[in-house]
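Have a look at coords_13.tsv; it's TSV, C-alpha atoms:
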```tsv
chain	number	residue	atom	x	y	z
J	1	MET	CA	-51.03	-34.03	-84.95
J	2	PRO	CA	-48.88	-35.46	-82.15
J	3	LEU	CA	-46.41	-32.65	-82.72
J	4	ASP	CA	-47.59	-30.56	-79.79
J	5	SER	CA	-44.87	-28.78	-77.96
J	6	ARG	CA	-46.03	-29.08	-74.38
J	7	PRO	CA	-45.29	-26.16	-72.09
J	8	GLY	CA	-42.85	-28.34	-70.17
J	9	THR	CA	-40.92	-29.41	-73.24
J	10	ALA	CA	-38.95	-26.28	-73.94
J	11	SER	CA	-37.89	-25.75	-70.36
J	12	ASP	CA	-36.95	-29.33	-69.60
J	13	THR	CA	-34.80	-29.34	-72.69
J	14	ALA	CA	-32.17	-27.62	-70.60
J	15	ALA	CA	-32.10	-30.55	-68.22
J	16	ILE	CA	-29.73	-33.22	-69.44
J	17	SER	CA	-30.07	-36.86	-68.54
J	18	PRO	CA	-28.26	-37.49	-65.26
J	19	LEU	CA	-26.85	-40.64	-66.85
J	20	SER	CA	-24.24	-38.69	-68.77
J	21	PRO	CA	-22.40	-35.48	-68.00
J	22	PRO	CA	-23.89	-32.35	-69.58
J	23	PRO	CA	-22.29	-31.07	-72.78
J	24	PRO	CA	-20.18	-27.94	-72.34
J	25	ASN	CA	-22.14	-25.93	-74.93
J	26	HIS	CA	-25.55	-25.50	-76.51
J	27	PRO	CA	-26.95	-23.67	-79.55
J	28	ARG	CA	-27.70	-20.04	-78.79
J	29	SER	CA	-30.76	-19.51	-80.98
J	30	HIS	CA	-32.84	-20.79	-83.85
J	31	ALA	CA	-30.60	-18.92	-86.26
J	32	ASP	CA	-27.57	-20.59	-84.69
J	33	LEU	CA	-29.19	-23.99	-85.22
J	34	PHE	CA	-30.20	-23.19	-88.78
J	35	TRP	CA	-26.80	-21.91	-89.89
J	36	SER	CA	-24.86	-24.59	-88.02
J	37	PHE	CA	-26.80	-27.34	-89.76
J	38	THR	CA	-26.61	-25.52	-93.10
J	39	TRP	CA	-22.83	-25.32	-92.81
J	40	LEU	CA	-22.36	-28.92	-91.83
J	41	ALA	CA	-24.80	-30.20	-94.44
J	42	LEU	CA	-22.88	-28.31	-97.13
J	43	GLN	CA	-19.66	-30.04	-96.06
J	44	GLY	CA	-21.26	-33.46	-96.21
J	45	PHE	CA	-20.17	-34.94	-99.51
J	46	GLY	CA	-21.10	-38.61	-99.57
J	47	GLY	CA	-22.84	-38.48	-96.20
J	48	VAL	CA	-23.26	-35.93	-93.45
J	49	LEU	CA	-22.73	-38.07	-90.36
J	50	ALA	CA	-18.94	-37.76	-90.17
J	51	VAL	CA	-19.33	-33.98	-90.32
J	52	VAL	CA	-22.04	-33.94	-87.64
J	53	GLN	CA	-19.74	-35.82	-85.27
J	54	ARG	CA	-16.75	-33.59	-86.05
J	55	GLU	CA	-18.65	-30.28	-85.82
J	56	LEU	CA	-21.17	-30.87	-83.03
J	57	VAL	CA	-19.16	-33.14	-80.73
J	58	GLU	CA	-15.56	-32.07	-81.30
J	59	LYS	CA	-15.83	-28.41	-82.30
J	60	LYS	CA	-19.05	-26.86	-81.02
J	61	ARG	CA	-19.41	-29.36	-78.12
J	62	TRP	CA	-23.20	-29.28	-78.20
J	63	MET	CA	-23.19	-32.92	-77.12
J	64	THR	CA	-20.82	-35.43	-75.60
J	65	ARG	CA	-19.58	-38.46	-77.49
J	66	GLU	CA	-21.86	-40.70	-75.38
J	67	GLN	CA	-24.93	-38.55	-76.12
J	68	PHE	CA	-24.07	-38.59	-79.79
J	69	VAL	CA	-24.02	-42.39	-79.82
J	70	GLU	CA	-27.34	-42.55	-77.95
J	71	ASP	CA	-29.02	-40.11	-80.34
J	72	TRP	CA	-27.52	-41.80	-83.34
J	73	ALA	CA	-28.93	-45.15	-82.17
J	74	VAL	CA	-32.41	-43.65	-82.06
J	75	ALA	CA	-32.03	-41.80	-85.37
J	76	GLN	CA	-30.89	-45.04	-86.98
J	77	ILE	CA	-33.72	-47.19	-85.70
J	78	MET	CA	-36.51	-44.74	-86.57
J	79	PRO	CA	-37.77	-44.67	-90.15
J	80	GLY	CA	-36.59	-41.82	-92.33
J	81	PRO	CA	-33.22	-40.41	-93.37
J	82	ASN	CA	-31.04	-40.82	-90.29
J	83	VAL	CA	-29.10	-37.54	-90.41
J	84	VAL	CA	-32.41	-35.72	-90.91
J	85	ASN	CA	-33.79	-37.51	-87.86
J	86	LEU	CA	-30.65	-36.65	-85.92
J	87	SER	CA	-30.86	-32.95	-86.79
J	88	MET	CA	-34.48	-32.81	-85.62
J	89	MET	CA	-33.63	-34.57	-82.38
J	90	ILE	CA	-30.78	-32.20	-81.57
J	91	GLY	CA	-32.82	-29.12	-82.49
J	92	GLY	CA	-35.84	-30.39	-80.59
J	93	ARG	CA	-33.82	-31.18	-77.48
J	94	CYS	CA	-32.44	-27.65	-77.34
J	95	LEU	CA	-35.35	-25.47	-78.43
J	96	GLY	CA	-38.45	-27.64	-78.75
J	97	LEU	CA	-40.47	-28.13	-81.94
J	98	SER	CA	-39.39	-24.84	-83.46
J	99	GLY	CA	-35.77	-25.81	-82.84
J	100	ALA	CA	-36.35	-29.14	-84.58
J	101	LEU	CA	-37.81	-27.34	-87.58
J	102	ALA	CA	-34.93	-24.83	-87.66
J	103	ALA	CA	-32.39	-27.66	-87.67
J	104	LEU	CA	-34.38	-29.58	-90.29
J	105	ALA	CA	-34.62	-26.50	-92.53
J	106	GLY	CA	-30.89	-25.89	-92.15
J	107	MET	CA	-30.10	-29.48	-93.05
J	108	LEU	CA	-32.24	-29.44	-96.21
J	109	THR	CA	-32.62	-25.95	-97.70
J	110	ALA	CA	-29.16	-25.03	-98.96
J	111	PRO	CA	-28.22	-28.59	-100.05
J	112	LEU	CA	-31.52	-28.81	-101.95
J	113	VAL	CA	-30.72	-25.63	-103.88
J	114	VAL	CA	-27.19	-26.90	-104.57
J	115	VAL	CA	-28.30	-30.31	-105.78
J	116	LEU	CA	-30.88	-28.78	-108.14
J	117	ILE	CA	-28.26	-26.44	-109.60
J	118	VAL	CA	-25.88	-29.37	-109.98
J	119	ALA	CA	-28.61	-31.39	-111.68
J	120	VAL	CA	-29.36	-28.60	-114.16
J	121	LEU	CA	-25.79	-27.50	-114.91
J	122	PHE	CA	-23.73	-30.64	-114.69
J	123	ALA	CA	-26.05	-33.37	-115.92
J	124	GLY	CA	-24.24	-33.03	-119.25
J	125	VAL	CA	-20.69	-33.47	-117.95
J	126	ALA	CA	-21.48	-36.22	-115.44
J	127	ASP	CA	-20.27	-38.83	-117.92
J	128	THR	CA	-16.86	-37.29	-118.63
J	129	PRO	CA	-13.80	-39.20	-117.33
J	130	ALA	CA	-12.73	-36.26	-115.14
J	131	ALA	CA	-16.10	-36.03	-113.40
J	132	GLN	CA	-16.22	-39.80	-112.98
J	133	GLY	CA	-12.71	-39.76	-111.55
J	134	ALA	CA	-13.55	-36.99	-109.09
J	135	LEU	CA	-16.59	-38.94	-107.94
J	136	ARG	CA	-14.51	-42.09	-107.45
J	137	GLY	CA	-11.91	-40.22	-105.43
J	138	MET	CA	-14.43	-38.42	-103.25
J	139	GLY	CA	-16.35	-41.66	-102.74
J	140	ALA	CA	-13.21	-43.40	-101.47
J	141	VAL	CA	-12.50	-40.55	-99.04
J	142	ALA	CA	-16.14	-40.57	-97.86
J	143	ALA	CA	-15.85	-44.29	-97.08
J	144	GLY	CA	-12.80	-43.46	-94.97
J	145	LEU	CA	-14.62	-40.67	-93.13
J	146	ILE	CA	-17.52	-42.89	-92.13
J	147	THR	CA	-15.14	-45.64	-90.97
J	148	ALA	CA	-13.16	-43.17	-88.88
J	149	THR	CA	-16.36	-41.87	-87.27
J	150	GLY	CA	-17.18	-45.40	-86.16
J	151	LEU	CA	-13.64	-45.97	-84.85
J	152	LYS	CA	-13.73	-42.75	-82.83
J	153	LEU	CA	-17.06	-43.63	-81.24
J	154	ILE	CA	-15.78	-46.99	-79.98
J	155	GLY	CA	-14.29	-44.99	-77.11
J	156	ALA	CA	-17.80	-44.00	-76.05
J	157	LEU	CA	-18.50	-47.66	-75.21
J	158	GLY	CA	-16.12	-47.44	-72.24
J	159	LYS	CA	-18.94	-46.10	-70.07
J	160	ASN	CA	-21.52	-48.55	-71.39
J	161	ALA	CA	-23.38	-50.42	-68.65
J	162	MET	CA	-23.15	-53.72	-70.54
J	163	GLY	CA	-19.41	-53.81	-70.02
J	164	TRP	CA	-16.58	-53.66	-72.50
J	165	GLY	CA	-16.57	-57.34	-73.47
J	166	ALA	CA	-20.28	-57.52	-74.27
J	167	CYS	CA	-20.06	-54.30	-76.28
J	168	ILE	CA	-17.21	-55.60	-78.42
J	169	ALA	CA	-19.03	-58.90	-78.94
J	170	PHE	CA	-22.21	-57.17	-80.13
J	171	ALA	CA	-20.25	-54.77	-82.31
J	172	ALA	CA	-18.25	-57.60	-83.90
J	173	ALA	CA	-21.39	-59.67	-84.54
J	174	THR	CA	-23.08	-56.66	-86.16
J	175	PHE	CA	-20.09	-55.99	-88.39
J	176	VAL	CA	-19.93	-59.62	-89.53
J	177	ALA	CA	-23.69	-59.77	-90.20
J	178	VAL	CA	-23.85	-56.53	-92.19
J	179	ALA	CA	-20.46	-56.22	-93.89
J	180	LEU	CA	-19.50	-59.85	-94.49
J	181	LEU	CA	-22.74	-61.85	-94.53
J	182	ARG	CA	-24.71	-58.93	-96.07
J	183	TRP	CA	-27.85	-59.58	-94.06
J	184	PRO	CA	-30.66	-57.01	-94.49
J	185	LEU	CA	-30.25	-54.09	-92.11
J	186	ALA	CA	-33.77	-54.35	-90.69
J	187	TRP	CA	-33.18	-57.97	-89.59
J	188	VAL	CA	-29.85	-57.17	-88.00
J	189	LEU	CA	-31.32	-54.25	-86.06
J	190	LEU	CA	-34.29	-56.35	-85.00
J	191	GLY	CA	-32.30	-59.48	-84.13
J	192	LEU	CA	-28.96	-58.36	-82.71
J	193	GLY	CA	-30.48	-55.07	-81.58
J	194	SER	CA	-33.15	-56.65	-79.40
J	195	LEU	CA	-30.63	-59.16	-78.04
J	196	ALA	CA	-28.33	-56.29	-77.03
J	197	CYS	CA	-31.20	-54.26	-75.55
J	198	GLY	CA	-32.35	-57.29	-73.59
J	199	TRP	CA	-28.84	-57.79	-72.20
J	200	ALA	CA	-28.63	-54.10	-71.33
J	201	TRP	CA	-32.00	-54.38	-69.55
J	202	VAL	CA	-30.64	-57.23	-67.42
J	203	LYS	CA	-27.39	-55.41	-66.62
J	204	LEU	CA	-29.17	-52.15	-65.77
J	205	GLY	CA	-31.42	-54.05	-63.39
J	206	ALA	CA	-28.45	-55.78	-61.76
J	207	ALA	CA	-26.72	-52.42	-61.34
J	208	GLY	CA	-29.63	-51.38	-59.13
J	209	GLY	CA	-31.52	-48.93	-61.35
J	210	GLY	CA	-29.85	-45.55	-61.18
J	211	ALA	CA	-26.36	-46.57	-60.14
J	212	SER	CA	-24.97	-47.05	-63.62
J	213	ALA	CA	-23.50	-43.69	-64.51
D	1	MET	CA	-39.90	-37.42	-122.61
D	2	THR	CA	-43.28	-35.76	-122.10
D	3	LEU	CA	-46.05	-36.96	-119.85
D	4	SER	CA	-49.66	-36.02	-119.50
D	5	PHE	CA	-49.89	-35.44	-115.80
D	6	ALA	CA	-53.22	-34.87	-114.03
D	7	ALA	CA	-54.00	-33.87	-110.47
D	8	ALA	CA	-54.66	-37.53	-109.66
D	9	ASP	CA	-51.13	-38.36	-110.79
D	10	TRP	CA	-49.61	-35.76	-108.46
D	11	LEU	CA	-51.65	-37.24	-105.66
D	12	ALA	CA	-50.46	-40.74	-106.58
D	13	LEU	CA	-46.84	-39.52	-106.58
D	14	PHE	CA	-47.34	-37.97	-103.15
D	15	THR	CA	-49.02	-41.09	-101.76
D	16	HIS	CA	-46.26	-43.31	-103.07
D	17	PHE	CA	-43.55	-41.42	-101.18
D	18	LEU	CA	-45.85	-41.10	-98.17
D	19	THR	CA	-46.19	-44.89	-97.88
D	20	LEU	CA	-42.46	-45.49	-98.36
D	21	SER	CA	-41.55	-43.00	-95.63
D	22	LEU	CA	-42.36	-45.26	-92.68
D	23	LEU	CA	-40.69	-48.24	-94.35
D	24	ALA	CA	-37.39	-46.38	-94.71
D	25	VAL	CA	-35.61	-47.82	-91.69
D	26	GLY	CA	-31.91	-47.31	-92.27
D	27	GLY	CA	-32.42	-44.41	-94.67
D	28	ALA	CA	-34.57	-43.56	-97.66
D	29	ILE	CA	-32.11	-45.32	-99.96
D	30	THR	CA	-33.37	-48.69	-98.68
D	31	THR	CA	-36.68	-48.00	-100.43
D	32	ALA	CA	-35.04	-47.12	-103.76
D	33	PRO	CA	-35.87	-50.52	-105.32
D	34	ASP	CA	-39.56	-49.90	-104.74
D	35	MET	CA	-39.30	-46.36	-106.14
D	36	HIS	CA	-37.72	-47.88	-109.23
D	37	ARG	CA	-40.54	-50.39	-109.59
D	38	TYR	CA	-43.20	-47.68	-109.30
D	39	LEU	CA	-41.69	-44.65	-111.05
D	40	VAL	CA	-39.78	-46.35	-113.87
D	41	THR	CA	-41.37	-49.75	-114.49
D	42	ASP	CA	-45.05	-49.29	-113.61
D	43	GLN	CA	-45.83	-45.62	-114.23
D	44	ARG	CA	-43.02	-44.76	-116.69
D	45	TRP	CA	-42.72	-41.29	-115.14
D	46	LEU	CA	-38.91	-41.51	-115.13
D	47	THR	CA	-36.43	-42.98	-117.56
D	48	GLU	CA	-33.89	-45.49	-116.32
D	49	ALA	CA	-31.13	-42.89	-116.81
D	50	GLN	CA	-33.01	-40.23	-114.85
D	51	PHE	CA	-33.54	-42.63	-111.98
D	52	THR	CA	-29.89	-43.67	-111.78
D	53	SER	CA	-28.51	-40.16	-112.16
D	54	SER	CA	-30.85	-38.85	-109.44
D	55	ILE	CA	-29.21	-41.20	-106.94
D	56	ALA	CA	-25.67	-40.64	-108.21
D	57	LEU	CA	-25.95	-36.82	-108.24
D	58	ALA	CA	-27.47	-36.62	-104.77
D	59	GLN	CA	-24.69	-38.79	-103.37
D	60	ALA	CA	-22.02	-36.70	-105.06
D	61	ALA	CA	-23.49	-33.36	-104.00
D	62	PRO	CA	-23.24	-32.15	-100.40
D	63	GLY	CA	-26.07	-32.76	-97.99
D	64	PRO	CA	-28.22	-35.66	-96.86
D	65	ASN	CA	-28.52	-38.44	-99.43
D	66	VAL	CA	-32.31	-38.29	-99.12
D	67	LEU	CA	-32.12	-35.43	-101.65
D	68	PHE	CA	-32.16	-38.10	-104.37
D	69	VAL	CA	-35.91	-38.14	-103.70
D	70	ALA	CA	-36.04	-34.41	-104.45
D	71	LEU	CA	-34.26	-35.00	-107.76
D	72	MET	CA	-36.72	-37.73	-108.67
D	73	GLY	CA	-39.59	-35.32	-107.98
D	74	TRP	CA	-37.78	-32.68	-110.03
D	75	ASN	CA	-37.38	-35.04	-112.99
D	76	VAL	CA	-41.00	-36.23	-112.85
D	77	GLY	CA	-42.12	-32.59	-112.84
D	78	LEU	CA	-39.81	-31.73	-115.72
D	79	ASN	CA	-41.11	-34.65	-117.72
D	80	ALA	CA	-44.67	-33.54	-117.00
D	81	GLY	CA	-43.80	-30.08	-118.29
D	82	GLY	CA	-42.13	-31.33	-121.47
D	83	GLY	CA	-38.48	-31.25	-120.34
D	84	LEU	CA	-36.13	-28.48	-119.35
D	85	GLY	CA	-36.19	-27.14	-122.93
D	86	ALA	CA	-39.82	-26.15	-122.42
D	87	GLY	CA	-38.72	-23.32	-120.15
D	88	TRP	CA	-40.16	-21.87	-116.97
D	89	HIS	CA	-43.38	-23.85	-117.10
D	90	ALA	CA	-41.42	-27.11	-116.87
D	91	ALA	CA	-39.14	-25.72	-114.18
D	92	ALA	CA	-42.16	-24.71	-112.10
D	93	LEU	CA	-43.61	-28.20	-112.43
D	94	GLY	CA	-40.20	-29.58	-111.50
D	95	LEU	CA	-40.20	-27.53	-108.30
D	96	ALA	CA	-43.73	-28.75	-107.55
D	97	GLY	CA	-42.40	-32.28	-107.96
D	98	VAL	CA	-39.57	-31.52	-105.52
D	99	GLY	CA	-42.02	-30.24	-102.91
D	100	ILE	CA	-44.43	-33.14	-103.29
D	101	ALA	CA	-41.75	-35.84	-103.23
D	102	MET	CA	-39.87	-34.38	-100.25
D	103	ALA	CA	-43.06	-33.71	-98.25
D	104	GLY	CA	-44.18	-37.28	-98.88
D	105	ILE	CA	-40.92	-38.97	-97.91
D	106	LEU	CA	-40.27	-36.76	-94.85
D	107	LEU	CA	-43.63	-35.99	-93.22
D	108	PRO	CA	-44.61	-39.36	-91.70
D	109	SER	CA	-41.12	-40.36	-90.58
D	110	SER	CA	-40.35	-36.92	-89.12
D	111	VAL	CA	-43.61	-36.71	-87.16
D	112	LEU	CA	-43.03	-40.21	-85.80
D	113	THR	CA	-39.37	-39.62	-84.95
D	114	TYR	CA	-40.01	-36.28	-83.29
D	115	SER	CA	-42.88	-37.55	-81.13
D	116	ALA	CA	-41.05	-40.75	-80.22
D	117	THR	CA	-37.85	-38.96	-79.22
D	118	GLN	CA	-39.74	-36.34	-77.21
D	119	TRP	CA	-41.50	-39.15	-75.40
D	120	ALA	CA	-38.20	-40.95	-74.81
D	121	HIS	CA	-36.61	-37.75	-73.54
D	122	ARG	CA	-39.42	-37.15	-71.04
D	123	ASN	CA	-39.10	-40.77	-69.91
D	124	ARG	CA	-35.33	-41.01	-70.05
D	125	GLU	CA	-35.16	-42.49	-66.55
D	126	LEU	CA	-37.24	-45.51	-67.58
D	127	ARG	CA	-35.24	-48.70	-67.54
D	128	ALA	CA	-36.57	-49.63	-70.99
D	129	VAL	CA	-35.43	-46.34	-72.53
D	130	ARG	CA	-31.99	-46.67	-70.96
D	131	ALA	CA	-31.72	-50.31	-71.99
D	132	PHE	CA	-32.52	-49.35	-75.58
D	133	LYS	CA	-29.84	-46.66	-75.73
D	134	THR	CA	-27.27	-48.80	-73.92
D	135	GLY	CA	-27.93	-51.89	-75.99
D	136	MET	CA	-28.05	-50.17	-79.38
D	137	ALA	CA	-24.79	-48.24	-78.91
D	138	PRO	CA	-22.35	-51.00	-79.96
D	139	VAL	CA	-24.69	-52.12	-82.75
D	140	VAL	CA	-24.91	-48.72	-84.44
D	141	ILE	CA	-21.19	-48.02	-84.02
D	142	ALA	CA	-20.45	-51.30	-85.78
D	143	LEU	CA	-22.94	-50.30	-88.50
D	144	LEU	CA	-20.86	-47.21	-89.27
D	145	ILE	CA	-17.70	-49.23	-89.69
D	146	ALA	CA	-19.63	-51.78	-91.76
D	147	THR	CA	-20.92	-48.99	-94.01
D	148	GLY	CA	-17.38	-47.82	-94.69
D	149	TRP	CA	-16.42	-51.41	-95.44
D	150	LEU	CA	-19.35	-51.93	-97.83
D	151	LEU	CA	-18.63	-48.69	-99.71
D	152	THR	CA	-15.06	-49.89	-100.25
D	153	ALA	CA	-16.03	-53.46	-101.08
D	154	THR	CA	-18.00	-52.37	-104.16
D	155	HIS	CA	-14.57	-51.86	-105.73
D	156	ASN	CA	-13.61	-55.52	-105.69
D	157	GLN	CA	-10.72	-55.95	-108.13
D	158	PRO	CA	-7.49	-55.72	-106.12
D	159	ALA	CA	-5.22	-55.22	-109.12
D	160	ARG	CA	-7.19	-52.19	-110.31
D	161	ASP	CA	-8.74	-50.87	-107.10
D	162	TRP	CA	-5.87	-50.94	-104.60
D	163	PRO	CA	-5.25	-47.17	-104.92
D	164	LEU	CA	-8.88	-46.56	-103.93
D	165	TRP	CA	-8.52	-48.81	-100.89
D	166	LEU	CA	-5.31	-47.03	-99.95
D	167	LEU	CA	-7.07	-43.67	-100.24
D	168	THR	CA	-9.94	-44.89	-98.04
D	169	ALA	CA	-7.59	-46.32	-95.41
D	170	ALA	CA	-5.45	-43.18	-95.42
D	171	SER	CA	-8.43	-40.85	-95.01
D	172	ALA	CA	-9.87	-43.03	-92.24
D	173	LEU	CA	-6.54	-42.87	-90.39
D	174	ILE	CA	-6.20	-39.11	-90.87
D	175	VAL	CA	-9.74	-38.37	-89.66
D	176	TRP	CA	-9.38	-40.75	-86.75
D	177	ARG	CA	-6.08	-39.39	-85.53
D	178	THR	CA	-5.88	-35.73	-86.64
D	179	LYS	CA	-8.07	-32.63	-86.83
D	180	VAL	CA	-7.53	-31.93	-90.52
D	181	HIS	CA	-10.64	-30.30	-92.03
D	182	LEU	CA	-12.80	-32.86	-93.83
D	183	LEU	CA	-13.17	-30.63	-96.90
D	184	TRP	CA	-9.40	-30.78	-97.57
D	185	LEU	CA	-9.57	-34.56	-97.62
D	186	LEU	CA	-12.57	-34.60	-99.97
D	187	GLY	CA	-10.84	-32.07	-102.21
D	188	ALA	CA	-7.69	-34.18	-102.27
D	189	GLY	CA	-9.78	-37.22	-103.18
D	190	ALA	CA	-11.43	-35.34	-106.03
D	191	VAL	CA	-8.08	-34.13	-107.37
D	192	ALA	CA	-6.59	-37.64	-107.16
D	193	GLY	CA	-9.59	-38.89	-109.10
D	194	VAL	CA	-9.39	-36.23	-111.81
D	195	LEU	CA	-5.68	-36.93	-112.26
D	196	GLY	CA	-6.46	-40.62	-112.67
D	197	TRP	CA	-4.47	-41.77	-109.64
D	198	VAL	CA	-7.30	-43.79	-108.15
```
Could you show the structure in this file as structure tokens?
Amino acid sequence: MPLDSRPGTASDTAAISPLSPPPPNHPRSHADLFWSFTWLALQGFGGVLAVVQRELVEKKRWMTREQFVEDWAVAQIMPGPNVVNLSMMIGGRCLGLSGALAALAGMLTAPLVVVLIVAVLFAGVADTPAAQGALRGMGAVAAGLITATGLKLIGALGKNAMGWGACIAFAAATFVAVALLRWPLAWVLLGLGSLACGWAWVKLGAAGGGASA
Amino acid sequence: MTLSFAAADWLALFTHFLTLSLLAVGGAITTAPDMHRYLVTDQRWLTEAQFTSSIALAQAAPGPNVLFVALMGWNVGLNAGGGLGAGWHAAALGLAGVGIAMAGILLPSSVLTYSATQWAHRNRELRAVRAFKTGMAPVVIALLIATGWLLTATHNQPARDWPLWLLTAASALIVWRTKVHLLWLLGAGAVAGVLGWV
């Protein structure tokens, strides 16, 4: 198993990349991780990401907006459910493998119990007009939450080494490809993603390696 | 619906989710069509209604949407045990299905993600690692906005659906500009839906 937690891993988790300022806060313990992720998972109707951003960046301040975007990029590109990936990355960064597992358990345990209870109890009423209406309403709000999360994170692009113009161009192209042209996600990530990474590689080189804070 | 389910079938169920795990770039939901082909069409372990309601319930309930996989495992187990009416035996098989399905869909992707991100964190000064994070940032931010757009665009009849669009736009604006708790907004959306306003 490649899941070894090297002796260095837990201690260097405290060190934050010099590319971005350190976050003001960090989780205190495994229990803190577990319950924090349990609480935010239980608020996540129709998707957990908006809640993760609100709770971990704005309220608890475990990470800065820029770090959140970086982590989210990785969580999105790796296979697997992206909020699950994100929870493991945050837990692992703070407390190593055991932290990743605590965050993962928090993200999944309570919601799993809830969804099974819902499946057993409410399978019968799922077809009633009231239940359908509630689902429609909550779905519309959830769409708004996810949009707002994206809008808030645009501000994080201000410090991006590619420059504001290039960022907006890549963002606009991605939006058009996914939302309007409905291209498959994997192709967009592979195509536009590698183009953007290539451009970032060039710009980071031009900035002279480490001088791009 | 009742199935005769042998150990080999449990193994096949596990292997199916195991193979889909690494293909699930962009979330487990992207592999749902293949789950449908295997579980409903080929193996007939789930009914069409069970498949659809697994996805709908998991999206309505709190938590990561990947829990639809848990519900599929639950339903396969229940079917193997003769349905929920058959009592504790069926429920136990259902829970076994939950464990097998979730372990299958999560194990490979989680091991890969954890090792890759640990590697990237140790090598965070590498130009390639920094280029990846810098380059992907605008792309994934745009993906979020696109997701919100796509969720709204499924309601595509302006005359009937404009209240839904209004609700989406209003909640986006409120979340963007204020610190109102997200649960209040979701609650308001549910109430508006029950009252038939949207």
Discussion item. Excluding stretch 176-186 of chain D and its own-chain neighbours fewer than 3 positions away, which residues fall within 12 Å of it when counting only C-alpha atoms? Please give them as an MDAnalysis selection string.
Written reply: (chainID J and resid 39:55 58:59 134:155) or (chainID D and resid 60:62 167:173 189:193)
Discussion item. From the options D:Val139, D:Ala32, D:Leu20, D:Leu3, which residue's atoms come nearest to chain J, counting all atoms listed in the file?
Written reply: D:Val139
Fill in: Shell around D:Gly94 at 12 Å using all atoms listed in the file, local window under 5 positions removed, as a ChimeraX atom specification
/J:116,119-120 /D:10,70-84,86-89,99-101
Discussion item. If I take atom CA of J:Arg61 and atom CA of J:Ala156, how far is one from the other in Å, to one decimal?
Written reply: 14.9 Å
Worksheet entry | Neighbour list for J:Ala100 as a list in words, cut-off 6 Å, only C-alpha atoms, skip fewer than 5 positions in-chain | Met88, Gly91 and Gly92 of chain J
Please produce an output containing C-alpha atoms for each residue in the selection, written as a compact mmCIF listing (two decimals), in the frame of the given file.
```
# COMPACT_ATOMS: atom_id res chain seq x y z
CA MET J 88 -34.48 -32.81 -85.62
CA GLY J 91 -32.82 -29.12 -82.49
CA GLY J 92 -35.84 -30.39 -80.59
```
Discussion item. I need the residue nearest J:Cys167 from this list: J:Val115, J:Cys197, J:Ile90, J:Leu33. Use only C-alpha atoms for the distance.
Written reply: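 Once distances to J:Cys167 are computed over only C-alpha atoms, the minimum belongs to J:Cys197.
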Item to complete: Provide the atom CA of D:Leu150 to atom CA of J:Leu181 distance in Å, to one decimal place.
Response: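 Separating atom CA of D:Leu150 from atom CA of J:Leu181 is a distance of 11.0 Å.
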Practice prompt. Figure out the distance between atom CA of D:Ala24 and atom CA of D:Leu46, please, to one decimal in Å.
Written response: 21.0 Å
